[in-house]
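A.B. asks: I'd like to ask some things about the structure below.
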Amino acid sequence: MKPWFVCSPEEVIKAFATSPVDGLSRDEVSKRVQTDGYNRIPEPRGKSVLQIFLHQFFSPLIYVLIAAGAISWVAGEWQDGTFIFFIIVLNAILGTYQEWRAEESAAALRSMIRMTARVIRESQIYLIESWQLVPGDIVLLEPGMKVPADLRLLEAHGLSVDEALLTGESMAVEKHAGVLTDQHALLGDQRNTAFASTTVQKGRGKGIVTGTGVKTEIGKIAATLTLPDPEPPPLVVRMQVFARRISWLVLIACVFLGLIGWWRGMPWNELFFFLVAVGVSAIPEGLPVALTVALSIGTRAMARRQVIVRKLPAVEGLGSCTWIASDKTGTLTVDEQTVKAIWLSNAKLLATGAGYSGAGMIRHVDGRPLQADEPELQLFFRCALASSEGALTHTNGKWIHSGDAVDVALHAAVFKSGTEPQRLMQGVERQQLIAYESERKYSAAFFHYNGKRFYACKGALEVIGPMLSQHQQRVAADDVAVLASEGYRVLAVAFAEVGETVTEADLPTLTLAGLVGLVDPLRPEAREAVAKCHAAGIQVAMVTGDHPITALAIARQLNMVTRDDQVVTGRELAEWQASGADLVKQVGDKRVFARVNPLQKMAIVSALKGAGHFVAVTGDGANDAPALREAHIGVAMGSGTDLTKGSADIILADNNFASIVAGVEEGRITYSNLRKIIYMLLSTGLAEIITVALAMITQLPLPFLAIQLLWLNLVTNGIQEIALAFERSDREVLSQPPRKPGESIFDRLMIQELILAGLVTAALCYGTWYYLMVIGQTTELQARSMVLMMMVLIQNFHVLNCRSELQSLFNIPVSANYLAVISIFVAQGLHLGVSYIPEVAGVLGIEPIPWNNWFILLTLSLSIVVVMEIFKGFKRRQLARNT
């Protein structure tokens, strides 16, 4: 079946068995409701708090902890098992609190499509709820209203529609009721179709409903949002791998030590309790809570920089991105038409400033300021504003605008010239306004000024040109070509002095007053933000529904492209997809994707992911929602549609592309802190396993009880891990390349430091245990109390090592993380305090340490700092030689 936009109005009317005059009958409407349904999108069930809470338990690491808790209960270790389950539930509560959010994607769509419509039925005009529309209904369009369904236009009188929500096109699209010949026309080129949820900016029209509900273009976007969630963010993937590896390592360690225990002839019940203790020491029980806290801290840090995180793993995910695919309109640009160039017969002028504001100035291209009296410029503005349907005023320190976007931009340019529109137009008496219509493609006016009658018009040169002399046509055509190549939308302004009886039918040859170049200008900070992304090793691409020439010009200003062939259009993408071409290869070196529809945006993101990139997508319109959902990280603008924000992981509250750079920085800092936490946890856990294993091999009692290991891992260590989450990393994180998509949390440096720290700690603890039990002949209670205190001391010194994997702790300012120092005193004070509380000390199996042993414990524990400082110095020198 042919698309409706290539069918004539008569063919469409016949196909839907309706009448443009009478509309449908009530009986026919009822029948079509039965076959086509109502004009609304099915409502999915959102997640409840309980569902979000239960979802917190679906993690490999949590599975391991649940198994450890269950085994502890089975083994009769009720305190240990309860302690583990308490930590699991605490983590779930924290995660639920942070991740609780409204599931608003479908609700946002319903709010878009629930509106009123003026419809013709049974020869009468009715105002109905738009959800009651059916295919074949005849709908009337007026300025300011939302289009209630997809319509094939039957009539269009000066009709222009803002389609930025769907296409990203910054200018309202002129509509007509004619027939298109290109069956593959993109959404932005379907000028005889009005799409659901777009806004009528001006003019009137009549159309026949061709699509309702999920069959509208906005409905097709909704369908993509009901697809299964794409793959999880980078951090989730890495933590899944980490949990699997930890599980296998713990299992192998338990099997190995179990075989040793069996060889030693340990009783089965004693061996079982021992293996439970080993498992408890090896599993990082505090990691889920530390991970959630670290991400929550990253979330708050991002919020202070206008980046609102809706899903915790997205904190780190943004820092992992290797590619950012950004929308243009409203994201890289301000989404406000601005006059940037005015070319007169005797001068070429440039305007500064951006958006609907009179802030800025107009100068000659050579930098000369305007003269106090510029008659040609005043004439140009007077002719341009004669047919204005816009307004811009400065009231109470605010710029207030209304009406046509181009006319508002021209008013702003008048302010920048040093005068005000009202003052400029004093003495101008408009006699007749000829409003812009799509059939005419220009606006004009007859007006009186200084006792003379004038005619002035503005529009595209292809329309105004034939009214000029041949010489002016040729000169203007050359100038327009230059301006257009620089990405300007160019309008010509012409005028003539006419007699009182002259009409448009008998106009004389017009004189060109000048050309004006308009753009949707860059956000002031966008260029620097893109440069920072490049410096951070992140590729930035523009994905827009706008014209390729306009998109390329913006990309050049942002230094996103080096060649013209890095631009690809939606038509080319469609041809590649139809021919079965591999998009992964085709889009690899492209940086601008223009005239693309929402589903093509999603295909581009999918192709980039297929090429091995971690992709972040930014956008503000409903047309961006599918791509945001498909991306690893979806970034919505705060001013964007509810649908877009509902599909995003992150929202930029200030609509500032530069905030993405801040988000990347915070994401990398968060990941760096997570590595520090994992380093701290695992080096301590490794030391505990080695200490216990050595004691078992040498047939000594276990130096740590299971409850003591939990105390170390969850309380004293837990305080220090949370403090590490507040570390403010070196700001040079943005000068480093992004992590490789397949990179593990454990790199060579971390493994080396983890093993070294674990071995040194184990040597100190086991050596002390051996001395006390074999040489000193102390009691188990005294010896365990001493070794446990030593472990706490080592942890407190080691937290200083963990603040940086390479930098000396003496070069890291305390001000970068006061909590790290505070945590040392809190953890040490807490452990010391409980040793003097008989009830708690009895549960932990410890007693106070004699004060005369403290100097020895402190001296031995401090050696962890000495060893790690020597290792860091060696690694720094090694890296310096390699670079």
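Convention: chains lettered A, B, ... in structure tokens order; per-chain residue numbering from 1; ligands numbered from 1 as shown.
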Using only C-alpha atoms, determine which residues lie at most 8 Å from segment 800-803 of chain A, disregarding the query and same-chain residues fewer than 4 positions distant; provide the list as an MDAnalysis selection string.
C.D. replies: chainID A and resid 676:677 679:680 724 727 796 808:809 820 865 868:869
A.B. asks: Using only C-alpha atoms, find the one residue out of A:Ile846, A:Ile93, A:Leu379, A:Val840 that sits nearest to Val293 of chain A.
C.D. replies: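 Among the listed residues, the smallest separation from Val293 of chain A belongs to A:Ile93.
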A.B. asks: With only C-alpha atoms as the counted atoms, please give the residues lying no more than 8 Å from Leu295 of chain A, apart from itself and same-chain residues fewer than 6 positions off, as a PyMOL selection string.
C.D. replies: chain A and resi 312-313+315-316+670
A.B. asks: Could those selected residues go to a file with all heavy atoms, as a CSV table (one decimal), in the first residue's frame?
C.D. replies:
chain,number,residue,atom,x,y,z
A,312,LEU,N,21.3,4.5,39.8
A,312,LEU,CA,22.6,4.5,40.4
A,312,LEU,C,23.8,4.1,39.5
A,312,LEU,O,24.8,4.8,39.5
A,312,LEU,CB,22.6,3.7,41.7
A,312,LEU,CG,21.9,4.4,42.9
A,312,LEU,CD1,22.1,3.5,44.1
A,312,LEU,CD2,22.6,5.7,43.2
A,313,PRO,N,23.7,3.0,38.8
A,313,PRO,CA,24.8,2.6,38.0
A,313,PRO,C,25.2,3.6,36.9
A,313,PRO,O,26.3,3.5,36.4
A,313,PRO,CB,24.4,1.2,37.4
A,313,PRO,CG,23.3,0.7,38.3
A,313,PRO,CD,22.6,1.9,38.8
A,315,VAL,N,25.8,6.5,37.3
A,315,VAL,CA,26.9,7.4,37.9
A,315,VAL,C,28.2,7.1,37.3
A,315,VAL,O,28.9,7.9,36.7
A,315,VAL,CB,26.9,7.4,39.4
A,315,VAL,CG1,28.1,8.2,39.9
A,315,VAL,CG2,25.6,7.8,40.0
A,316,GLU,N,28.6,5.8,37.4
A,316,GLU,CA,29.9,5.4,36.9
A,316,GLU,C,29.8,5.2,35.4
A,316,GLU,O,30.8,5.4,34.7
A,316,GLU,CB,30.3,4.0,37.5
A,316,GLU,CG,31.6,3.5,37.1
A,316,GLU,CD,31.5,2.6,35.8
A,316,GLU,OE1,30.4,2.1,35.5
A,316,GLU,OE2,32.5,2.4,35.2
A,670,THR,N,34.0,8.6,40.6
A,670,THR,CA,33.3,7.5,41.3
A,670,THR,C,33.9,6.1,41.1
A,670,THR,O,34.1,5.3,42.0
A,670,THR,CB,31.8,7.5,40.9
A,670,THR,OG1,31.2,8.8,41.2
A,670,THR,CG2,31.0,6.4,41.6
A.B. asks: Closest to Leu151 of chain A among A:Met560, A:Ile88, A:Ile13, A:Leu127, using only C-alpha atoms?
C.D. replies: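 Of all the options, A:Ile13 lies closest to Leu151 of chain A.
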A.B. asks: Please list as a VMD selection string every residue within 10 Å of Asn817 of chain A, counting only C-alpha atoms and excluding residues in the same chain fewer than 3 positions away.
C.D. replies: chain A and resid 723 to 729 803 812 to 814 820 to 822
A.B. asks: Assign secondary structure with DSSP using the backbone only, and return the residues of segment 598-745 of chain A in strand (DSSP E or B) as a list in words.
C.D. replies: Val615, Ala616, Val617, Thr618, Gly619, Ile633, Gly634, Val635, Ala636, Met637, Ile650, Ile651 and Leu652 of chain A
A.B. asks: So that I have them on file, write out the residues from the current selection with N, CA, C and O atoms, as a PDB file, in the first residue's frame.
C.D. replies:
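So out_35.pdb came out as:
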ATOM      1  N   VAL A 615      28.043   3.829  24.784  1.00  0.00           N
ATOM      2  CA  VAL A 615      27.407   4.978  24.145  1.00  0.00           C
ATOM      3  C   VAL A 615      26.493   5.716  25.113  1.00  0.00           C
ATOM      4  O   VAL A 615      25.655   5.109  25.790  1.00  0.00           O
ATOM      5  N   ALA A 616      26.668   7.033  25.152  1.00  0.00           N
ATOM      6  CA  ALA A 616      25.724   7.918  25.845  1.00  0.00           C
ATOM      7  C   ALA A 616      25.004   8.733  24.780  1.00  0.00           C
ATOM      8  O   ALA A 616      25.613   9.168  23.803  1.00  0.00           O
ATOM      9  N   VAL A 617      23.709   8.922  24.950  1.00  0.00           N
ATOM     10  CA  VAL A 617      22.904   9.684  23.994  1.00  0.00           C
ATOM     11  C   VAL A 617      22.227  10.828  24.731  1.00  0.00           C
ATOM     12  O   VAL A 617      21.662  10.631  25.806  1.00  0.00           O
ATOM     13  N   THR A 618      22.304  12.030  24.168  1.00  0.00           N
ATOM     14  CA  THR A 618      21.637  13.178  24.760  1.00  0.00           C
ATOM     15  C   THR A 618      20.479  13.614  23.870  1.00  0.00           C
ATOM     16  O   THR A 618      20.527  13.434  22.652  1.00  0.00           O
ATOM     17  N   GLY A 619      19.463  14.208  24.475  1.00  0.00           N
ATOM     18  CA  GLY A 619      18.333  14.696  23.691  1.00  0.00           C
ATOM     19  C   GLY A 619      17.293  15.346  24.573  1.00  0.00           C
ATOM     20  O   GLY A 619      17.347  15.251  25.797  1.00  0.00           O
ATOM     21  N   ILE A 633      23.846   4.773  28.340  1.00  0.00           N
ATOM     22  CA  ILE A 633      23.464   5.852  29.243  1.00  0.00           C
ATOM     23  C   ILE A 633      22.633   6.858  28.458  1.00  0.00           C
ATOM     24  O   ILE A 633      23.104   7.429  27.474  1.00  0.00           O
ATOM     25  N   GLY A 634      21.391   7.075  28.877  1.00  0.00           N
ATOM     26  CA  GLY A 634      20.526   8.062  28.243  1.00  0.00           C
ATOM     27  C   GLY A 634      20.543   9.353  29.044  1.00  0.00           C
ATOM     28  O   GLY A 634      20.337   9.339  30.259  1.00  0.00           O
ATOM     29  N   VAL A 635      20.822  10.479  28.369  1.00  0.00           N
ATOM     30  CA  VAL A 635      20.940  11.773  29.034  1.00  0.00           C
ATOM     31  C   VAL A 635      19.880  12.712  28.457  1.00  0.00           C
ATOM     32  O   VAL A 635      19.923  13.040  27.271  1.00  0.00           O
ATOM     33  N   ALA A 636      18.931  13.131  29.279  1.00  0.00           N
ATOM     34  CA  ALA A 636      17.864  14.021  28.824  1.00  0.00           C
ATOM     35  C   ALA A 636      18.098  15.427  29.343  1.00  0.00           C
ATOM     36  O   ALA A 636      18.690  15.620  30.409  1.00  0.00           O
ATOM     37  N   MET A 637      17.650  16.414  28.581  1.00  0.00           N
ATOM     38  CA  MET A 637      17.708  17.799  29.017  1.00  0.00           C
ATOM     39  C   MET A 637      16.547  18.080  29.984  1.00  0.00           C
ATOM     40  O   MET A 637      15.447  17.564  29.808  1.00  0.00           O
ATOM     41  N   ILE A 650      19.948   9.779  33.140  1.00  0.00           N
ATOM     42  CA  ILE A 650      20.489  11.006  33.710  1.00  0.00           C
ATOM     43  C   ILE A 650      19.751  12.189  33.096  1.00  0.00           C
ATOM     44  O   ILE A 650      19.406  12.164  31.914  1.00  0.00           O
ATOM     45  N   ILE A 651      19.510  13.229  33.892  1.00  0.00           N
ATOM     46  CA  ILE A 651      18.859  14.444  33.399  1.00  0.00           C
ATOM     47  C   ILE A 651      19.771  15.634  33.693  1.00  0.00           C
ATOM     48  O   ILE A 651      20.277  15.767  34.815  1.00  0.00           O
ATOM     49  N   LEU A 652      19.999  16.472  32.693  1.00  0.00           N
ATOM     50  CA  LEU A 652      20.776  17.688  32.875  1.00  0.00           C
ATOM     51  C   LEU A 652      19.818  18.816  33.252  1.00  0.00           C
ATOM     52  O   LEU A 652      19.063  19.303  32.408  1.00  0.00           O
TER      53      LEU A 652
END
A.B. asks: List the neighbours of Asp189 of chain A out to 10 Å using only C-alpha atoms; skip same-chain residues closer than 5 positions along the sequence, and give me the result as a list in words.
C.D. replies: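 Neighbouring residues, sequence-local ones excluded: Thr167, Val173, Lys175, Leu180, Asp182, His184 and Arg595 of chain A.
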A.B. asks: Per DSSP on the backbone, what are the helix (DSSP H, G or I) residues of segment 477-626 of chain A, as a compact mmCIF listing (two decimals) with N, CA, C and O atoms, in the first residue's frame?
C.D. replies:
# COMPACT_ATOMS: atom_id res chain seq x y z
N ALA A 477 21.95 36.08 -5.49
CA ALA A 477 22.11 34.63 -5.56
C ALA A 477 23.51 34.21 -5.11
O ALA A 477 23.68 33.22 -4.38
N ASP A 478 24.53 34.97 -5.54
CA ASP A 478 25.90 34.66 -5.12
C ASP A 478 26.06 34.84 -3.60
O ASP A 478 26.69 34.01 -2.93
N ASP A 479 25.48 35.91 -3.07
CA ASP A 479 25.59 36.16 -1.64
C ASP A 479 24.86 35.08 -0.82
O ASP A 479 25.35 34.63 0.22
N VAL A 480 23.70 34.69 -1.30
CA VAL A 480 22.94 33.66 -0.60
C VAL A 480 23.72 32.34 -0.58
O VAL A 480 23.73 31.63 0.44
N ALA A 481 24.38 32.01 -1.68
CA ALA A 481 25.17 30.77 -1.74
C ALA A 481 26.27 30.78 -0.68
O ALA A 481 26.54 29.77 -0.02
N VAL A 482 26.91 31.94 -0.51
CA VAL A 482 27.98 32.05 0.49
C VAL A 482 27.41 31.88 1.90
O VAL A 482 27.94 31.12 2.73
N LEU A 483 26.33 32.58 2.19
CA LEU A 483 25.73 32.51 3.52
C LEU A 483 25.20 31.11 3.81
O LEU A 483 25.36 30.59 4.92
N ALA A 484 24.56 30.49 2.83
CA ALA A 484 24.00 29.15 3.02
C ALA A 484 25.10 28.13 3.30
O ALA A 484 24.92 27.20 4.09
N SER A 485 26.26 28.29 2.63
CA SER A 485 27.36 27.34 2.84
C SER A 485 27.91 27.42 4.26
O SER A 485 28.56 26.50 4.74
N GLU A 504 -0.78 44.03 -5.11
CA GLU A 504 0.27 43.04 -5.40
C GLU A 504 0.23 42.60 -6.86
O GLU A 504 1.23 42.10 -7.38
N ALA A 505 -0.91 42.76 -7.49
CA ALA A 505 -1.02 42.31 -8.88
C ALA A 505 -0.25 43.21 -9.85
O ALA A 505 0.10 42.77 -10.94
N ASP A 506 0.03 44.46 -9.47
CA ASP A 506 0.70 45.37 -10.41
C ASP A 506 1.89 46.07 -9.75
O ASP A 506 2.08 47.29 -9.91
N ALA A 526 29.19 25.09 24.51
CA ALA A 526 29.19 23.82 23.79
C ALA A 526 30.55 23.51 23.17
O ALA A 526 31.02 22.36 23.22
N ARG A 527 31.21 24.52 22.56
CA ARG A 527 32.48 24.26 21.88
C ARG A 527 33.53 23.75 22.87
O ARG A 527 34.23 22.77 22.61
N GLU A 528 33.62 24.40 24.02
CA GLU A 528 34.60 23.97 25.03
C GLU A 528 34.26 22.59 25.56
O GLU A 528 35.15 21.77 25.81
N ALA A 529 32.96 22.31 25.73
CA ALA A 529 32.55 21.01 26.24
C ALA A 529 32.93 19.89 25.28
O ALA A 529 33.42 18.83 25.70
N VAL A 530 32.72 20.11 23.99
CA VAL A 530 33.10 19.10 23.00
C VAL A 530 34.62 18.91 23.00
O VAL A 530 35.12 17.77 22.90
N ALA A 531 35.36 20.01 23.13
CA ALA A 531 36.81 19.91 23.17
C ALA A 531 37.27 19.09 24.38
O ALA A 531 38.22 18.28 24.27
N LYS A 532 36.62 19.27 25.50
CA LYS A 532 36.97 18.50 26.69
C LYS A 532 36.66 17.02 26.49
O LYS A 532 37.41 16.15 26.96
N CYS A 533 35.57 16.73 25.81
CA CYS A 533 35.25 15.34 25.51
C CYS A 533 36.34 14.71 24.65
O CYS A 533 36.79 13.58 24.90
N HIS A 534 36.78 15.44 23.63
CA HIS A 534 37.85 14.93 22.77
C HIS A 534 39.13 14.71 23.58
O HIS A 534 39.82 13.69 23.40
N ALA A 535 39.44 15.65 24.47
CA ALA A 535 40.64 15.51 25.30
C ALA A 535 40.54 14.31 26.21
O ALA A 535 41.55 13.69 26.57
N PRO A 548 21.11 18.57 6.55
CA PRO A 548 22.54 18.23 6.61
C PRO A 548 23.47 19.43 6.49
O PRO A 548 24.52 19.44 7.14
N ILE A 549 23.11 20.43 5.69
CA ILE A 549 23.98 21.60 5.55
C ILE A 549 24.05 22.36 6.87
O ILE A 549 25.13 22.77 7.32
N THR A 550 22.88 22.53 7.50
CA THR A 550 22.84 23.21 8.79
C THR A 550 23.62 22.42 9.84
O THR A 550 24.41 22.98 10.61
N ALA A 551 23.41 21.11 9.87
CA ALA A 551 24.08 20.26 10.85
C ALA A 551 25.60 20.29 10.64
O ALA A 551 26.37 20.35 11.61
N LEU A 552 26.03 20.25 9.38
CA LEU A 552 27.46 20.27 9.09
C LEU A 552 28.08 21.60 9.53
O LEU A 552 29.20 21.62 10.08
N ALA A 553 27.38 22.70 9.31
CA ALA A 553 27.91 24.00 9.71
C ALA A 553 28.10 24.06 11.23
O ALA A 553 29.11 24.56 11.72
N ILE A 554 27.13 23.56 11.96
CA ILE A 554 27.24 23.53 13.42
C ILE A 554 28.38 22.62 13.84
O ILE A 554 29.17 22.95 14.74
N ALA A 555 28.50 21.47 13.18
CA ALA A 555 29.57 20.52 13.51
C ALA A 555 30.95 21.12 13.27
O ALA A 555 31.89 20.88 14.02
N ARG A 556 31.06 21.92 12.21
CA ARG A 556 32.34 22.58 11.93
C ARG A 556 32.69 23.56 13.06
O ARG A 556 33.83 23.64 13.50
N GLN A 557 31.69 24.31 13.51
CA GLN A 557 31.93 25.26 14.59
C GLN A 557 32.39 24.55 15.87
O GLN A 557 33.15 25.11 16.67
N ASP A 564 33.92 16.70 4.87
CA ASP A 564 32.49 16.80 4.53
C ASP A 564 31.83 15.44 4.44
O ASP A 564 30.62 15.31 4.65
N ASP A 565 32.62 14.38 4.12
CA ASP A 565 32.01 13.06 3.96
C ASP A 565 31.76 12.37 5.30
O ASP A 565 31.39 11.19 5.34
N GLN A 566 31.95 13.09 6.39
CA GLN A 566 31.61 12.53 7.70
C GLN A 566 30.16 12.79 8.06
O GLN A 566 29.73 12.51 9.17
N GLY A 570 19.51 10.60 6.70
CA GLY A 570 18.56 9.53 6.97
C GLY A 570 18.24 8.73 5.72
O GLY A 570 18.01 7.51 5.79
N ARG A 571 18.21 9.40 4.58
CA ARG A 571 17.94 8.69 3.33
C ARG A 571 19.04 7.66 3.05
O ARG A 571 18.76 6.53 2.66
N GLU A 572 20.29 8.06 3.26
CA GLU A 572 21.40 7.13 3.04
C GLU A 572 21.33 5.96 4.02
O GLU A 572 21.59 4.81 3.66
N LEU A 573 20.99 6.27 5.27
CA LEU A 573 20.84 5.20 6.26
C LEU A 573 19.77 4.21 5.83
O LEU A 573 19.94 2.99 5.95
N ALA A 574 18.64 4.74 5.35
CA ALA A 574 17.54 3.87 4.90
C ALA A 574 18.00 2.98 3.75
O ALA A 574 17.65 1.79 3.69
N GLU A 575 18.78 3.54 2.84
CA GLU A 575 19.29 2.76 1.71
C GLU A 575 20.24 1.67 2.19
O GLU A 575 20.20 0.54 1.71
N TRP A 576 21.09 2.01 3.14
CA TRP A 576 22.00 1.00 3.70
C TRP A 576 21.23 -0.12 4.37
O TRP A 576 21.54 -1.30 4.20
N GLN A 577 20.21 0.27 5.15
CA GLN A 577 19.42 -0.75 5.85
C GLN A 577 18.66 -1.63 4.87
O GLN A 577 18.57 -2.85 5.05
N ALA A 578 18.11 -1.01 3.81
CA ALA A 578 17.36 -1.77 2.82
C ALA A 578 18.25 -2.75 2.05
O ALA A 578 17.82 -3.83 1.67
N LEU A 583 25.73 -1.69 9.21
CA LEU A 583 25.77 -0.33 9.75
C LEU A 583 26.97 -0.12 10.65
O LEU A 583 27.47 1.00 10.77
N VAL A 584 27.43 -1.17 11.31
CA VAL A 584 28.58 -1.04 12.21
C VAL A 584 29.78 -0.49 11.45
O VAL A 584 30.50 0.39 11.92
N LYS A 585 29.98 -0.98 10.22
CA LYS A 585 31.10 -0.51 9.41
C LYS A 585 30.80 0.85 8.79
O LYS A 585 31.68 1.70 8.66
N GLN A 586 29.55 1.05 8.40
CA GLN A 586 29.18 2.27 7.66
C GLN A 586 29.28 3.52 8.53
O GLN A 586 29.67 4.59 8.06
N PRO A 598 13.34 8.98 14.47
CA PRO A 598 13.62 8.40 15.79
C PRO A 598 14.14 6.96 15.75
O PRO A 598 15.05 6.61 16.49
N LEU A 599 13.55 6.13 14.88
CA LEU A 599 13.99 4.73 14.83
C LEU A 599 15.37 4.61 14.20
O LEU A 599 16.15 3.71 14.55
N GLN A 600 15.72 5.52 13.29
CA GLN A 600 17.07 5.52 12.74
C GLN A 600 18.09 5.94 13.79
O GLN A 600 19.21 5.42 13.82
N LYS A 601 17.70 6.88 14.66
CA LYS A 601 18.58 7.27 15.75
C LYS A 601 18.90 6.05 16.62
O LYS A 601 20.04 5.84 17.04
N MET A 602 17.88 5.25 16.88
CA MET A 602 18.08 4.06 17.69
C MET A 602 18.99 3.06 16.97
O MET A 602 19.85 2.43 17.59
N ALA A 603 18.83 2.94 15.64
CA ALA A 603 19.68 2.03 14.86
C ALA A 603 21.13 2.49 14.89
O ALA A 603 22.06 1.66 14.93
N ILE A 604 21.36 3.81 14.85
CA ILE A 604 22.73 4.35 14.91
C ILE A 604 23.38 3.98 16.24
O ILE A 604 24.52 3.53 16.28
N VAL A 605 22.63 4.15 17.32
CA VAL A 605 23.16 3.82 18.64
C VAL A 605 23.48 2.33 18.72
O VAL A 605 24.53 1.92 19.22
N SER A 606 22.60 1.51 18.18
CA SER A 606 22.82 0.06 18.17
C SER A 606 24.08 -0.30 17.38
O SER A 606 24.87 -1.16 17.80
N ALA A 607 24.31 0.39 16.26
CA ALA A 607 25.50 0.14 15.45
C ALA A 607 26.77 0.54 16.20
O ALA A 607 27.78 -0.16 16.15
N LEU A 608 26.72 1.67 16.89
CA LEU A 608 27.89 2.11 17.65
C LEU A 608 28.20 1.12 18.78
O LEU A 608 29.36 0.82 19.07
N LYS A 609 27.16 0.60 19.40
CA LYS A 609 27.37 -0.42 20.43
C LYS A 609 27.96 -1.68 19.83
O LYS A 609 28.83 -2.32 20.43
N GLY A 610 27.51 -2.01 18.62
CA GLY A 610 28.05 -3.18 17.94
C GLY A 610 29.52 -3.01 17.60
O GLY A 610 30.24 -4.02 17.46
N ALA A 622 10.75 14.04 22.09
CA ALA A 622 10.24 12.67 22.07
C ALA A 622 10.95 11.86 20.98
O ALA A 622 11.05 10.63 21.10
N ASN A 623 11.45 12.54 19.95
CA ASN A 623 12.16 11.83 18.90
C ASN A 623 13.46 11.22 19.40
O ASN A 623 14.04 10.35 18.76
N ASP A 624 13.95 11.68 20.55
CA ASP A 624 15.20 11.16 21.10
C ASP A 624 14.98 9.97 22.03
O ASP A 624 15.93 9.27 22.37
N ALA A 625 13.74 9.75 22.48
CA ALA A 625 13.47 8.76 23.52
C ALA A 625 13.92 7.34 23.16
O ALA A 625 14.56 6.67 23.97
N PRO A 626 13.64 6.81 21.95
CA PRO A 626 14.10 5.45 21.64
C PRO A 626 15.61 5.32 21.70
O PRO A 626 16.14 4.32 22.20
